[in-house]
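S.K.: What follows is work-v9.tsv; its format and atoms are TSV, C-alpha atoms.
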chain	number	residue	atom	x	y	z
A	1	MET	CA	-4.43	-2.19	11.96
A	2	VAL	CA	-3.55	-2.40	8.29
A	3	LYS	CA	0.06	-1.88	7.26
A	4	ARG	CA	0.28	1.05	4.87
A	5	ALA	CA	4.04	1.29	4.47
A	6	LEU	CA	6.96	-0.30	6.24
A	7	LEU	CA	9.62	2.07	7.45
A	8	ALA	CA	11.65	-0.91	6.62
A	9	LEU	CA	14.16	-2.81	8.68
A	10	ILE	CA	14.38	-0.78	11.86
A	11	GLY	CA	13.74	2.48	10.07
A	12	LEU	CA	16.77	2.28	7.80
A	13	ILE	CA	14.75	3.15	4.71
A	14	THR	CA	12.88	6.43	4.36
A	15	PHE	CA	10.62	6.89	1.38
A	16	SER	CA	10.10	10.15	-0.48
A	17	ALA	CA	6.73	11.70	0.28
A	18	HIS	CA	6.62	13.74	-2.91
A	19	GLY	CA	4.41	11.25	-4.67
A	20	VAL	CA	2.51	11.94	-7.86
A	21	VAL	CA	-0.63	13.97	-8.28
A	22	ILE	CA	-3.14	12.02	-10.37
A	23	LEU	CA	-5.79	14.22	-11.97
A	24	GLN	CA	-9.25	12.81	-12.68
A	25	TYR	CA	-11.46	14.31	-15.38
A	26	HIS	CA	-14.81	13.33	-16.91
A	27	HIS	CA	-16.10	15.85	-19.48
A	28	VAL	CA	-14.14	18.59	-21.23
A	29	SER	CA	-17.07	20.60	-22.51
A	30	GLU	CA	-19.16	23.73	-21.99
A	31	THR	CA	-22.47	21.89	-22.39
A	32	THR	CA	-22.17	18.96	-19.99
A	33	PRO	CA	-23.01	19.03	-16.23
A	34	ALA	CA	-20.72	21.46	-14.41
A	35	ALA	CA	-20.27	19.05	-11.48
A	36	THR	CA	-18.31	16.66	-13.73
A	37	SER	CA	-16.91	19.07	-16.30
A	38	VAL	CA	-14.14	21.48	-17.12
A	39	THR	CA	-14.49	23.78	-20.10
A	40	PRO	CA	-12.07	23.46	-23.02
A	41	ALA	CA	-10.59	26.84	-22.03
A	42	GLN	CA	-10.03	25.68	-18.45
A	43	PHE	CA	-8.48	22.42	-19.61
A	44	ARG	CA	-6.07	24.17	-21.97
A	45	GLU	CA	-5.14	26.67	-19.24
A	46	GLN	CA	-4.40	23.80	-16.85
A	47	MET	CA	-2.23	21.96	-19.36
A	48	GLN	CA	-0.36	25.17	-20.16
A	49	PHE	CA	0.28	25.74	-16.45
A	50	LEU	CA	1.85	22.30	-16.17
A	51	VAL	CA	4.28	23.26	-18.91
A	52	ASP	CA	4.97	26.79	-17.66
A	53	ASP	CA	5.58	25.68	-14.07
A	54	GLY	CA	7.87	22.81	-14.96
A	55	PHE	CA	5.67	19.81	-14.17
A	56	LYS	CA	6.46	16.43	-15.66
A	57	VAL	CA	3.47	14.44	-16.96
A	58	ILE	CA	4.08	10.69	-17.00
A	59	PRO	CA	1.93	7.65	-17.90
A	60	LEU	CA	-0.19	6.26	-15.07
A	61	SER	CA	1.36	2.84	-15.59
A	62	GLN	CA	4.74	4.39	-14.80
A	63	VAL	CA	3.32	5.82	-11.57
A	64	VAL	CA	2.07	2.39	-10.57
A	65	GLU	CA	5.40	0.73	-11.30
A	66	ALA	CA	7.30	3.35	-9.29
A	67	ILE	CA	5.02	2.84	-6.28
A	68	LYS	CA	5.32	-0.93	-6.55
A	69	GLN	CA	9.10	-0.73	-6.68
A	70	LYS	CA	9.26	1.94	-3.92
A	71	GLN	CA	11.14	4.17	-6.34
A	72	ASP	CA	11.67	7.81	-5.48
A	73	LEU	CA	9.00	9.96	-7.11
A	74	SER	CA	10.28	13.44	-7.80
A	75	ALA	CA	8.34	16.58	-7.00
A	76	LYS	CA	6.11	18.17	-9.65
A	77	THR	CA	5.12	14.91	-11.30
A	78	VAL	CA	1.57	14.47	-12.60
A	79	ALA	CA	-0.53	11.78	-14.29
A	80	ILE	CA	-3.74	12.56	-16.19
A	81	THR	CA	-6.80	10.30	-16.20
A	82	PHE	CA	-10.34	10.38	-17.58
A	83	ASP	CA	-13.30	8.28	-16.48
A	84	ASP	CA	-16.15	6.84	-18.56
A	85	GLY	CA	-15.17	7.55	-22.19
A	86	TYR	CA	-17.23	10.60	-22.98
A	87	ARG	CA	-17.05	11.90	-26.55
A	88	SER	CA	-15.60	15.24	-25.45
A	89	ILE	CA	-12.44	13.41	-24.46
A	90	ALA	CA	-11.99	12.24	-28.06
A	91	THR	CA	-13.04	15.48	-29.73
A	92	THR	CA	-11.64	18.09	-27.34
A	93	ALA	CA	-9.24	16.78	-24.70
A	94	HIS	CA	-7.30	14.36	-26.89
A	95	PRO	CA	-6.22	16.99	-29.46
A	96	ILE	CA	-5.09	19.33	-26.68
A	97	LEU	CA	-3.11	16.58	-24.99
A	98	LYS	CA	-1.50	15.62	-28.31
A	99	GLU	CA	-0.51	19.25	-28.80
A	100	PHE	CA	1.23	19.29	-25.43
A	101	GLY	CA	2.65	15.80	-25.83
A	102	PHE	CA	1.06	14.58	-22.60
A	103	PRO	CA	0.28	10.89	-22.00
A	104	TYR	CA	-3.02	10.01	-20.37
A	105	THR	CA	-5.16	7.07	-19.28
A	106	LEU	CA	-8.80	6.60	-20.19
A	107	PHE	CA	-10.84	4.34	-17.88
A	108	VAL	CA	-13.82	2.92	-19.77
A	109	ALA	CA	-16.88	0.80	-19.04
A	110	ILE	CA	-17.78	-1.46	-21.95
A	111	GLU	CA	-21.58	-1.56	-21.91
A	112	PRO	CA	-22.25	2.23	-22.16
A	113	ILE	CA	-19.99	2.46	-25.21
A	114	LYS	CA	-21.46	-0.61	-26.92
A	115	GLN	CA	-24.99	0.64	-26.23
A	116	LYS	CA	-24.07	4.07	-27.66
A	117	PHE	CA	-25.27	5.95	-24.60
A	118	THR	CA	-25.66	9.71	-24.93
A	119	GLU	CA	-22.35	11.60	-24.89
A	120	MET	CA	-20.29	8.38	-25.08
A	121	MET	CA	-17.64	7.93	-27.75
A	122	SER	CA	-17.96	5.03	-30.15
A	123	TRP	CA	-15.90	1.85	-29.91
A	124	ASP	CA	-14.09	2.88	-33.12
A	125	GLU	CA	-13.20	6.25	-31.57
A	126	LEU	CA	-11.85	4.48	-28.50
A	127	VAL	CA	-9.65	2.20	-30.58
A	128	LYS	CA	-8.42	5.22	-32.55
A	129	LEU	CA	-7.39	6.99	-29.32
A	130	ALA	CA	-5.50	3.87	-28.24
A	131	LYS	CA	-3.61	3.83	-31.54
A	132	GLU	CA	-2.72	7.50	-31.04
A	133	GLY	CA	-1.21	6.98	-27.60
A	134	ALA	CA	-4.01	6.87	-25.03
A	135	ASP	CA	-3.76	4.08	-22.45
A	136	ILE	CA	-7.12	2.32	-22.08
A	137	ALA	CA	-7.95	0.82	-18.69
A	138	ASN	CA	-10.76	-0.80	-16.71
A	139	HIS	CA	-13.83	0.97	-15.30
A	140	SER	CA	-16.01	-2.17	-14.91
A	141	TRP	CA	-18.35	-3.66	-17.51
A	142	ALA	CA	-21.36	-1.40	-17.04
A	143	HIS	CA	-20.23	1.22	-14.50
A	144	GLU	CA	-21.89	-0.63	-11.64
A	145	HIS	CA	-21.85	0.10	-7.92
A	146	LEU	CA	-19.44	-2.77	-7.41
A	147	ILE	CA	-19.89	-3.17	-3.65
A	148	ARG	CA	-23.67	-3.59	-3.83
A	149	LYS	CA	-24.96	-7.15	-3.64
A	150	LEU	CA	-27.96	-8.30	-5.63
A	151	SER	CA	-31.09	-9.47	-3.82
A	152	ASN	CA	-30.41	-12.75	-1.98
A	153	GLU	CA	-26.81	-12.82	-3.25
A	154	SER	CA	-24.27	-14.38	-0.90
A	155	GLN	CA	-20.83	-12.93	-0.26
A	156	ALA	CA	-19.23	-15.67	-2.35
A	157	GLN	CA	-21.68	-15.16	-5.21
A	158	TRP	CA	-21.15	-11.40	-5.13
A	159	ILE	CA	-17.34	-11.57	-5.26
A	160	ALA	CA	-17.48	-14.19	-8.05
A	161	ARG	CA	-19.79	-11.94	-10.08
A	162	ILE	CA	-17.57	-8.91	-9.64
A	163	LYS	CA	-14.45	-10.90	-10.48
A	164	THR	CA	-16.07	-12.02	-13.75
A	165	ASN	CA	-17.13	-8.44	-14.44
A	166	ILE	CA	-13.61	-7.06	-14.07
A	167	LEU	CA	-11.88	-9.88	-15.94
A	168	ASP	CA	-14.37	-9.72	-18.83
A	169	THR	CA	-13.85	-5.95	-19.08
A	170	GLU	CA	-10.08	-6.40	-19.12
A	171	LYS	CA	-10.36	-9.00	-21.88
A	172	ALA	CA	-12.61	-6.78	-24.01
A	173	ILE	CA	-10.09	-3.94	-23.74
A	174	LEU	CA	-7.21	-6.29	-24.56
A	175	ASP	CA	-8.99	-7.76	-27.58
A	176	ALA	CA	-9.80	-4.32	-29.01
A	177	THR	CA	-6.68	-2.31	-28.16
A	178	GLY	CA	-3.95	-4.68	-27.05
A	179	HIS	CA	-3.87	-2.88	-23.69
A	180	ASN	CA	-3.77	-4.96	-20.51
A	181	PHE	CA	-2.65	-2.66	-17.69
A	182	LYS	CA	-4.75	-4.31	-14.98
A	183	MET	CA	-5.64	-0.88	-13.60
A	184	LEU	CA	-9.21	-0.37	-12.36
A	185	ALA	CA	-10.90	2.93	-11.56
A	186	TYR	CA	-13.73	2.20	-9.13
A	187	PRO	CA	-17.07	3.46	-10.47
A	188	TYR	CA	-18.29	6.21	-8.14
A	189	GLY	CA	-15.06	5.74	-6.18
A	190	GLU	CA	-16.73	2.95	-4.16
A	191	TYR	CA	-14.81	-0.06	-2.86
A	192	ASN	CA	-14.47	-2.27	0.19
A	193	GLN	CA	-11.84	-4.59	1.65
A	194	ALA	CA	-13.21	-7.75	0.06
A	195	LEU	CA	-13.11	-6.12	-3.37
A	196	GLN	CA	-9.56	-4.92	-2.74
A	197	ASP	CA	-8.47	-8.41	-1.72
A	198	MET	CA	-9.97	-9.93	-4.88
A	199	LEU	CA	-8.22	-7.37	-7.08
A	200	THR	CA	-4.88	-7.98	-5.36
A	201	ALA	CA	-5.26	-11.73	-5.84
A	202	ASN	CA	-5.83	-11.14	-9.56
A	203	GLY	CA	-2.92	-8.76	-10.07
A	204	PHE	CA	-4.86	-5.48	-10.30
A	205	VAL	CA	-4.21	-2.05	-8.87
A	206	ALA	CA	-7.13	0.33	-8.37
A	207	PHE	CA	-7.93	4.01	-8.09
A	208	GLY	CA	-10.55	5.84	-6.08
A	209	GLN	CA	-11.92	9.34	-6.18
A	210	GLN	CA	-10.58	10.41	-2.80
A	211	SER	CA	-8.06	13.24	-2.86
A	212	GLY	CA	-4.34	13.22	-2.10
A	213	ALA	CA	-1.00	12.56	-3.76
A	214	ALA	CA	-0.24	8.94	-4.62
A	215	GLY	CA	3.08	7.51	-3.53
A	216	PRO	CA	4.90	4.89	-1.48
A	217	TYR	CA	2.48	5.27	1.44
A	218	SER	CA	-0.59	4.67	-0.73
A	219	PRO	CA	-2.29	1.25	-0.89
A	220	LEU	CA	-2.16	-0.17	-4.40
A	221	THR	CA	-5.89	-0.91	-4.43
A	222	ALA	CA	-6.93	2.53	-3.12
A	223	LEU	CA	-4.73	4.99	-4.97
A	224	PRO	CA	-5.99	8.57	-4.65
A	225	ARG	CA	-6.84	10.99	-7.42
A	226	PHE	CA	-7.85	14.65	-7.43
A	227	PRO	CA	-11.20	15.18	-9.22
A	228	VAL	CA	-11.05	18.29	-11.44
A	229	ALA	CA	-14.55	19.60	-12.13
A	230	GLY	CA	-17.22	21.99	-10.91
A	231	GLN	CA	-16.03	24.15	-8.04
A	232	TYR	CA	-12.62	22.47	-8.27
A	233	ALA	CA	-12.13	23.21	-11.98
A	234	ASP	CA	-10.49	26.62	-11.70
A	235	LEU	CA	-6.72	26.88	-11.89
A	236	LYS	CA	-6.37	28.54	-8.48
A	237	SER	CA	-7.95	25.52	-6.81
A	238	LEU	CA	-5.88	23.12	-8.88
A	239	LYS	CA	-2.55	24.76	-8.09
A	240	ALA	CA	-2.76	23.88	-4.39
A	241	LYS	CA	-3.45	20.24	-5.25
A	242	LEU	CA	-0.58	20.02	-7.72
A	243	TYR	CA	1.87	20.74	-4.91
A	244	SER	CA	0.37	18.21	-2.48
A	245	LEU	CA	2.57	15.56	-0.88
A	246	ASN	CA	1.99	11.87	-0.14
A	247	MET	CA	0.86	11.75	3.49
A	248	PRO	CA	3.24	9.32	5.27
A	249	VAL	CA	0.57	7.03	6.72
A	250	ILE	CA	2.24	4.02	8.33
A	251	THR	CA	-0.93	2.39	9.67
A	252	GLN	CA	-4.61	3.18	9.78
A	253	SER	CA	-7.68	1.56	11.27
A	254	PRO	CA	-10.18	0.98	9.85
A	255	SER	CA	-9.16	0.98	6.21
A	256	ASP	CA	-12.38	-0.54	4.83
A	257	PRO	CA	-14.57	2.32	3.53
A	258	GLU	CA	-17.83	0.36	3.70
A	259	LEU	CA	-19.77	1.13	6.89
A	260	THR	CA	-22.23	-1.39	8.28
A	261	GLY	CA	-24.41	-2.12	11.28
A	262	GLY	CA	-25.31	1.43	12.17
A	263	HIS	CA	-21.70	2.49	12.74
A	264	TRP	CA	-22.18	5.78	10.96
A	265	ARG	CA	-19.58	7.79	12.95
A	266	PRO	CA	-16.38	5.85	12.22
A	267	GLU	CA	-13.37	6.62	14.37
A	268	LEU	CA	-10.30	6.68	12.15
A	269	LYS	CA	-6.95	6.04	13.84
A	270	VAL	CA	-3.81	6.98	11.91
A	271	THR	CA	-0.10	6.54	12.60
A	272	LEU	CA	2.24	8.88	10.72
A	273	ASP	CA	5.93	9.25	10.06
A	274	MET	CA	6.34	12.64	11.77
A	275	SER	CA	9.82	13.46	10.48
A	276	ASP	CA	8.51	16.37	8.37
A	277	ILE	CA	5.20	17.08	10.11
A	278	SER	CA	4.24	19.05	13.25
A	279	ALA	CA	1.34	17.52	15.15
A	280	LYS	CA	-0.12	20.91	16.01
A	281	LYS	CA	-0.44	21.75	12.31
A	282	VAL	CA	-2.44	18.67	11.32
A	283	MET	CA	-6.03	19.57	10.51
A	284	CYS	CA	-8.87	17.31	9.43
A	285	TYR	CA	-12.14	17.96	7.65
A	286	ILE	CA	-15.32	15.93	7.94
A	287	GLN	CA	-17.30	16.19	4.72
A	288	GLY	CA	-20.47	18.13	5.46
A	289	GLN	CA	-19.42	18.88	9.05
A	290	GLY	CA	-16.42	21.17	8.65
A	291	SER	CA	-12.93	21.23	10.12
A	292	LYS	CA	-11.89	19.40	13.25
A	293	LYS	CA	-8.64	19.04	15.16
A	294	PRO	CA	-7.51	15.44	15.53
A	295	THR	CA	-7.07	13.83	18.93
A	296	TRP	CA	-3.46	12.80	19.49
A	297	HIS	CA	-2.82	9.56	21.42
A	298	SER	CA	0.97	9.57	21.11
A	299	GLU	CA	3.67	11.52	19.31
A	300	ASN	CA	2.68	9.97	15.98
A	301	GLU	CA	-0.83	8.53	16.36
A	302	PHE	CA	-4.07	10.47	16.14
A	303	SER	CA	-7.77	9.76	15.70
A	304	ILE	CA	-10.60	11.67	14.08
A	305	GLN	CA	-14.32	11.03	14.34
A	306	ALA	CA	-17.42	12.73	12.99
A	307	ASP	CA	-19.65	14.46	15.54
A	308	LEU	CA	-22.77	13.53	13.60
A	309	ALA	CA	-23.72	10.40	11.68
A	310	LEU	CA	-22.43	10.42	8.13
A	311	PRO	CA	-25.26	10.50	5.59
A	312	ALA	CA	-26.20	7.55	3.42
A	313	GLY	CA	-24.01	7.48	0.33
A	314	ARG	CA	-20.41	8.65	0.07
A	315	SER	CA	-18.44	10.80	2.53
A	316	ARG	CA	-14.82	11.53	3.35
A	317	TYR	CA	-12.46	12.45	6.13
A	318	ASN	CA	-9.62	14.62	4.78
A	319	CYS	CA	-6.50	15.43	6.78
A	320	THR	CA	-3.71	17.80	5.75
A	321	ALA	CA	-0.49	19.16	7.21
A	322	PRO	CA	2.09	21.58	5.81
A	323	SER	CA	5.56	20.26	5.22
A	324	ASN	CA	8.17	21.63	7.60
A	325	ALA	CA	10.92	21.48	4.99
A	326	ARG	CA	9.41	22.00	1.55
A	327	ASN	CA	6.62	23.66	-0.35
A	328	GLY	CA	3.25	21.96	-0.18
A	329	TYR	CA	0.82	20.15	2.08
A	330	TYR	CA	0.66	16.50	2.98
A	331	TRP	CA	-2.82	15.34	2.05
A	332	PHE	CA	-4.72	12.21	3.06
A	333	SER	CA	-8.34	11.31	2.35
A	334	GLN	CA	-10.32	8.36	3.69
A	335	PRO	CA	-13.54	7.62	1.81
A	336	TRP	CA	-16.63	6.15	3.44
A	337	VAL	CA	-19.75	4.65	1.91
A	338	ARG	CA	-22.84	3.54	3.81
A	339	PRO	CA	-26.36	2.32	3.08
A	340	LYS	CA	-29.53	3.80	4.52
A	341	ASP	CA	-30.60	2.75	8.00
A	342	ASP	CA	-32.76	-0.04	6.58
A	343	GLY	CA	-29.79	-1.49	4.68
A	344	SER	CA	-30.92	-0.35	1.24
A	345	TRP	CA	-28.81	1.90	-0.95
A	346	ILE	CA	-29.63	5.38	-2.15
A	347	LYS	CA	-30.55	5.51	-5.83
A	348	GLU	CA	-28.18	7.31	-8.21
Can you dump the structure from the file as structure tokens?

M.R.:
Amino acid sequence: MVKRALLALIGLITFSAHGVVILQYHHVSETTPAATSVTPAQFREQMQFLVDDGFKVIPLSQVVEAIKQKQDLSAKTVAITFDDGYRSIATTAHPILKEFGFPYTLFVAIEPIKQKFTEMMSWDELVKLAKEGADIANHSWAHEHLIRKLSNESQAQWIARIKTNILDTEKAILDATGHNFKMLAYPYGEYNQALQDMLTANGFVAFGQQSGAAGPYSPLTALPRFPVAGQYADLKSLKAKLYSLNMPVITQSPSDPELTGGHWRPELKVTLDMSDISAKKVMCYIQGQGSKKPTWHSENEFSIQADLALPAGRSRYNCTAPSNARNGYYWFSQPWVRPKDDGSWIKE
């Protein structure tokens, strides 16, 4: 079991489950792949909705500090993030965000920008955004699959290589922009426990691509974000996510997303604070396999397991439950990543 939150000192402290919804974008464009894009019209409509419906947009670093300090996070609070540093962020999203006065964080990988890859902004554009209020944070040196070892690489060699990767990226950002937030967005949303432990030891927090509201019950090296793109780019879909609540997960097992040794149907056991949740209303979803009722082992502990082997690559278990006392759903997502049966990784 991994402690996810302490209902501290004999239950005398109860944390708010409001949390913060962290939005993740890539492209804001009509000409880029739909699976990772919102159109400029959609993006403007979403930002306008945040204003019209009374949402408060705060810097991601403020979210992190609040979670670290176990501070109450009020309802209708949002943080905005972008991954990769595509040019449409500089040319399209940034002016819209300036118009609305919204802070945002841009997670960048260094090598694609330096090599002037297609659709990437220039280093000068990145520095200009930083000077105009964007927070620049870490997305690894070259957008690698961080959990994948090189041929004949030992565990110690792998973790040393990844540590150097992350620290070198942080230094490059610091040297160019003065920003040193020690916030990492995992490329592809992939991480494992050893990577989390290394980041913790070096003072980093980290963000995945699994859904849910971030808050006091979220691990600081696996903070959730809601991807906004493709079929999830329309405002109707986004509205439900904006009202999501931080699922009060006290413990879970396993917490390591990396699957090994043919264990392709992981059984996830979760203990919840049930003070605002009805067990009969908890529903889970196995990516690619549909909805499934959890199996309850006690008043506050359930398990969920896929009926079929998860495919090679990335998958998720999502669990939700409506609040008994307020508007919105508690939302929890556990990512999984597995190699092929022969131990090799799918090519992306």

S.K.: To one decimal place, how far is CA of Phe49 in chain A from CA of Leu23 in chain A in Å?

M.R.: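 It comes out at 13.8 Å.
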
S.K.: Using all atoms listed in the file, give me every residue within 8 Å of (-21.3, 0.3, -18.3) in file coordinates, as a VMD selection string.

M.R.: chain A and resid 109 to 113 140 to 144

S.K.: CA of Asp83 in chain A to CA of Gln24 in chain A: how many Å, to one decimal?

M.R.: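 Answer for the CA of Asp83 in chain A to CA of Gln24 in chain A separation: 7.2 Å.
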
S.K.: Report, in Å with one decimal, the straight-line distance from CA of Arg161 in chain A to CA of Leu129 in chain A.

M.R.: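 CA of Arg161 in chain A sits 29.7 Å away from CA of Leu129 in chain A.
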
S.K.: Here is a test: counting only C-alpha atoms, which residue of A:Glu267, A:Gln46, A:Ala172, A:Ala35 is nearest to Lys236 in chain A?

M.R.: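 Using only C-alpha atoms, the shortest distance to Lys236 in chain A belongs to A:Gln46.
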
S.K.: Between A:Pro224, A:Gly261, A:Pro103, A:Pro322, single out the one closest to Val57 in chain A, counting only C-alpha atoms.

M.R.: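 Looking only at the distances to Val57 in chain A, the closest residue turns out to be A:Pro103.
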
S.K.: Residues near range 180-186 of chain A, anyone? I mean within 10 Å using all atoms listed in the file, not counting same-chain ones fewer than 2 positions away, as a PyMOL selection string.

M.R.: chain A and resi 60-61+64+81-84+105-109+135-140+143-147+166-167+169-175+177-178+188-191+199+202-209+220-223+225

S.K.: From the set A:Ala34, A:Leu238, A:Leu126, A:Met247, which residue has the shortest atom-to-atom contact distance to Phe226 in chain A, counting only C-alpha atoms?

M.R.: A:Leu238

S.K.: Counting only C-alpha atoms, which residue out of A:Glu299, A:Glu132, A:Asp256, A:Asp234 sits closest to Ser275 in chain A?

M.R.: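 Under the stated criterion, the closest residue is A:Glu299.
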
S.K.: Hey, which of A:Ser88, A:Ser122, A:Gln48, A:Gln287 ends up closest to Glu30 in chain A? Count all atoms listed in the file.

M.R.: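 Smallest separation from Glu30 in chain A among the options: A:Ser88.
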
S.K.: Return the single residue from A:Val127, A:Cys319, A:Leu310, A:Ile89 that is closest to Ser37 in chain A, with distances computed using only C-alpha atoms.

M.R.: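 Of the candidates, the smallest distance to Ser37 in chain A is held by A:Ile89.
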
S.K.: Counting all atoms listed in the file, what is within 9 Å of Ile346 in chain A, bar same-chain residues fewer than 6 positions away, as a VMD selection string?

M.R.: chain A and resid 312 to 313 339 to 340

S.K.: Write out as a PyMOL selection string each polymer residue whose atoms come within 12 Å of Lys292 in chain A, counting only C-alpha atoms; drop sequence neighbours fewer than 6 positions from it.

M.R.: chain A and resi 281-286+303-307+317-320

S.K.: Which neighbours of range 66-77 of chain A fall inside 9 Å, counting all atoms listed in the file, when residues of the same chain fewer than 4 positions from it are skipped, and could you give them as a PyMOL selection string?

M.R.: chain A and resi 15-22+50+53-58+61-62+214-218+220+242-243+245

S.K.: Hey, can you pull every residue with an atom no more than 9 Å from (-1.3, 23.9, 2.8), using only C-alpha atoms, and send it as a list in words?

M.R.: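 Here the neighbourhood of the point contains Ala240, Tyr243, Ser244, Thr320, Ala321, Pro322, Ser323, Asn327, Gly328, Tyr329, Tyr330 and Trp331 of chain A.
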
S.K.: Restore all heavy atoms in range 83-90 of chain A and list the result as a CSV table (one decimal), in the frame of the given file.

M.R.:
chain,number,residue,atom,x,y,z
A,83,ASP,N,-12.4,9.4,-16.8
A,83,ASP,CA,-13.3,8.3,-16.5
A,83,ASP,C,-14.5,8.3,-17.5
A,83,ASP,O,-15.0,9.4,-17.8
A,83,ASP,CB,-13.9,8.4,-15.1
A,83,ASP,CG,-12.9,8.0,-14.0
A,83,ASP,OD1,-11.7,7.7,-14.3
A,83,ASP,OD2,-13.2,7.9,-12.8
A,84,ASP,N,-14.9,7.1,-17.9
A,84,ASP,CA,-16.2,6.8,-18.6
A,84,ASP,C,-16.1,6.8,-20.1
A,84,ASP,O,-16.8,6.1,-20.7
A,84,ASP,CB,-17.2,7.8,-18.2
A,84,ASP,CG,-17.5,7.8,-16.7
A,84,ASP,OD1,-17.3,6.7,-16.0
A,84,ASP,OD2,-18.0,8.8,-16.1
A,85,GLY,N,-15.2,7.6,-20.7
A,85,GLY,CA,-15.2,7.6,-22.2
A,85,GLY,C,-16.2,8.4,-22.9
A,85,GLY,O,-16.7,8.1,-23.9
A,86,TYR,N,-16.3,9.6,-22.3
A,86,TYR,CA,-17.2,10.6,-23.0
A,86,TYR,C,-16.6,11.1,-24.3
A,86,TYR,O,-15.4,11.3,-24.4
A,86,TYR,CB,-17.5,11.8,-22.0
A,86,TYR,CG,-18.4,11.4,-20.9
A,86,TYR,CD1,-17.9,11.3,-19.6
A,86,TYR,CD2,-19.7,11.0,-21.0
A,86,TYR,CE1,-18.6,10.9,-18.5
A,86,TYR,CE2,-20.5,10.6,-20.0
A,86,TYR,CZ,-20.0,10.6,-18.7
A,86,TYR,OH,-20.8,10.2,-17.6
A,87,ARG,N,-17.5,11.5,-25.2
A,87,ARG,CA,-17.0,11.9,-26.6
A,87,ARG,C,-16.2,13.1,-26.5
A,87,ARG,O,-15.3,13.3,-27.3
A,87,ARG,CB,-18.3,12.1,-27.5
A,87,ARG,CG,-17.9,12.6,-28.9
A,87,ARG,CD,-19.0,12.4,-29.9
A,87,ARG,NE,-19.2,11.0,-30.2
A,87,ARG,CZ,-20.2,10.3,-29.9
A,87,ARG,NH1,-21.2,10.8,-29.2
A,87,ARG,NH2,-20.3,9.0,-30.2
A,88,SER,N,-16.4,14.0,-25.5
A,88,SER,CA,-15.6,15.2,-25.4
A,88,SER,C,-14.1,15.0,-25.2
A,88,SER,O,-13.3,15.8,-25.5
A,88,SER,CB,-16.1,16.2,-24.4
A,88,SER,OG,-16.0,15.6,-23.1
A,89,ILE,N,-13.8,13.8,-24.6
A,89,ILE,CA,-12.4,13.4,-24.5
A,89,ILE,C,-11.8,13.2,-25.8
A,89,ILE,O,-10.7,13.6,-26.1
A,89,ILE,CB,-12.3,12.1,-23.6
A,89,ILE,CG1,-13.1,12.3,-22.3
A,89,ILE,CG2,-10.8,11.8,-23.3
A,89,ILE,CD1,-12.7,13.6,-21.5
A,90,ALA,N,-12.5,12.5,-26.7
A,90,ALA,CA,-12.0,12.2,-28.1
A,90,ALA,C,-11.9,13.5,-28.9
A,90,ALA,O,-10.9,13.7,-29.6
A,90,ALA,CB,-12.9,11.2,-28.8
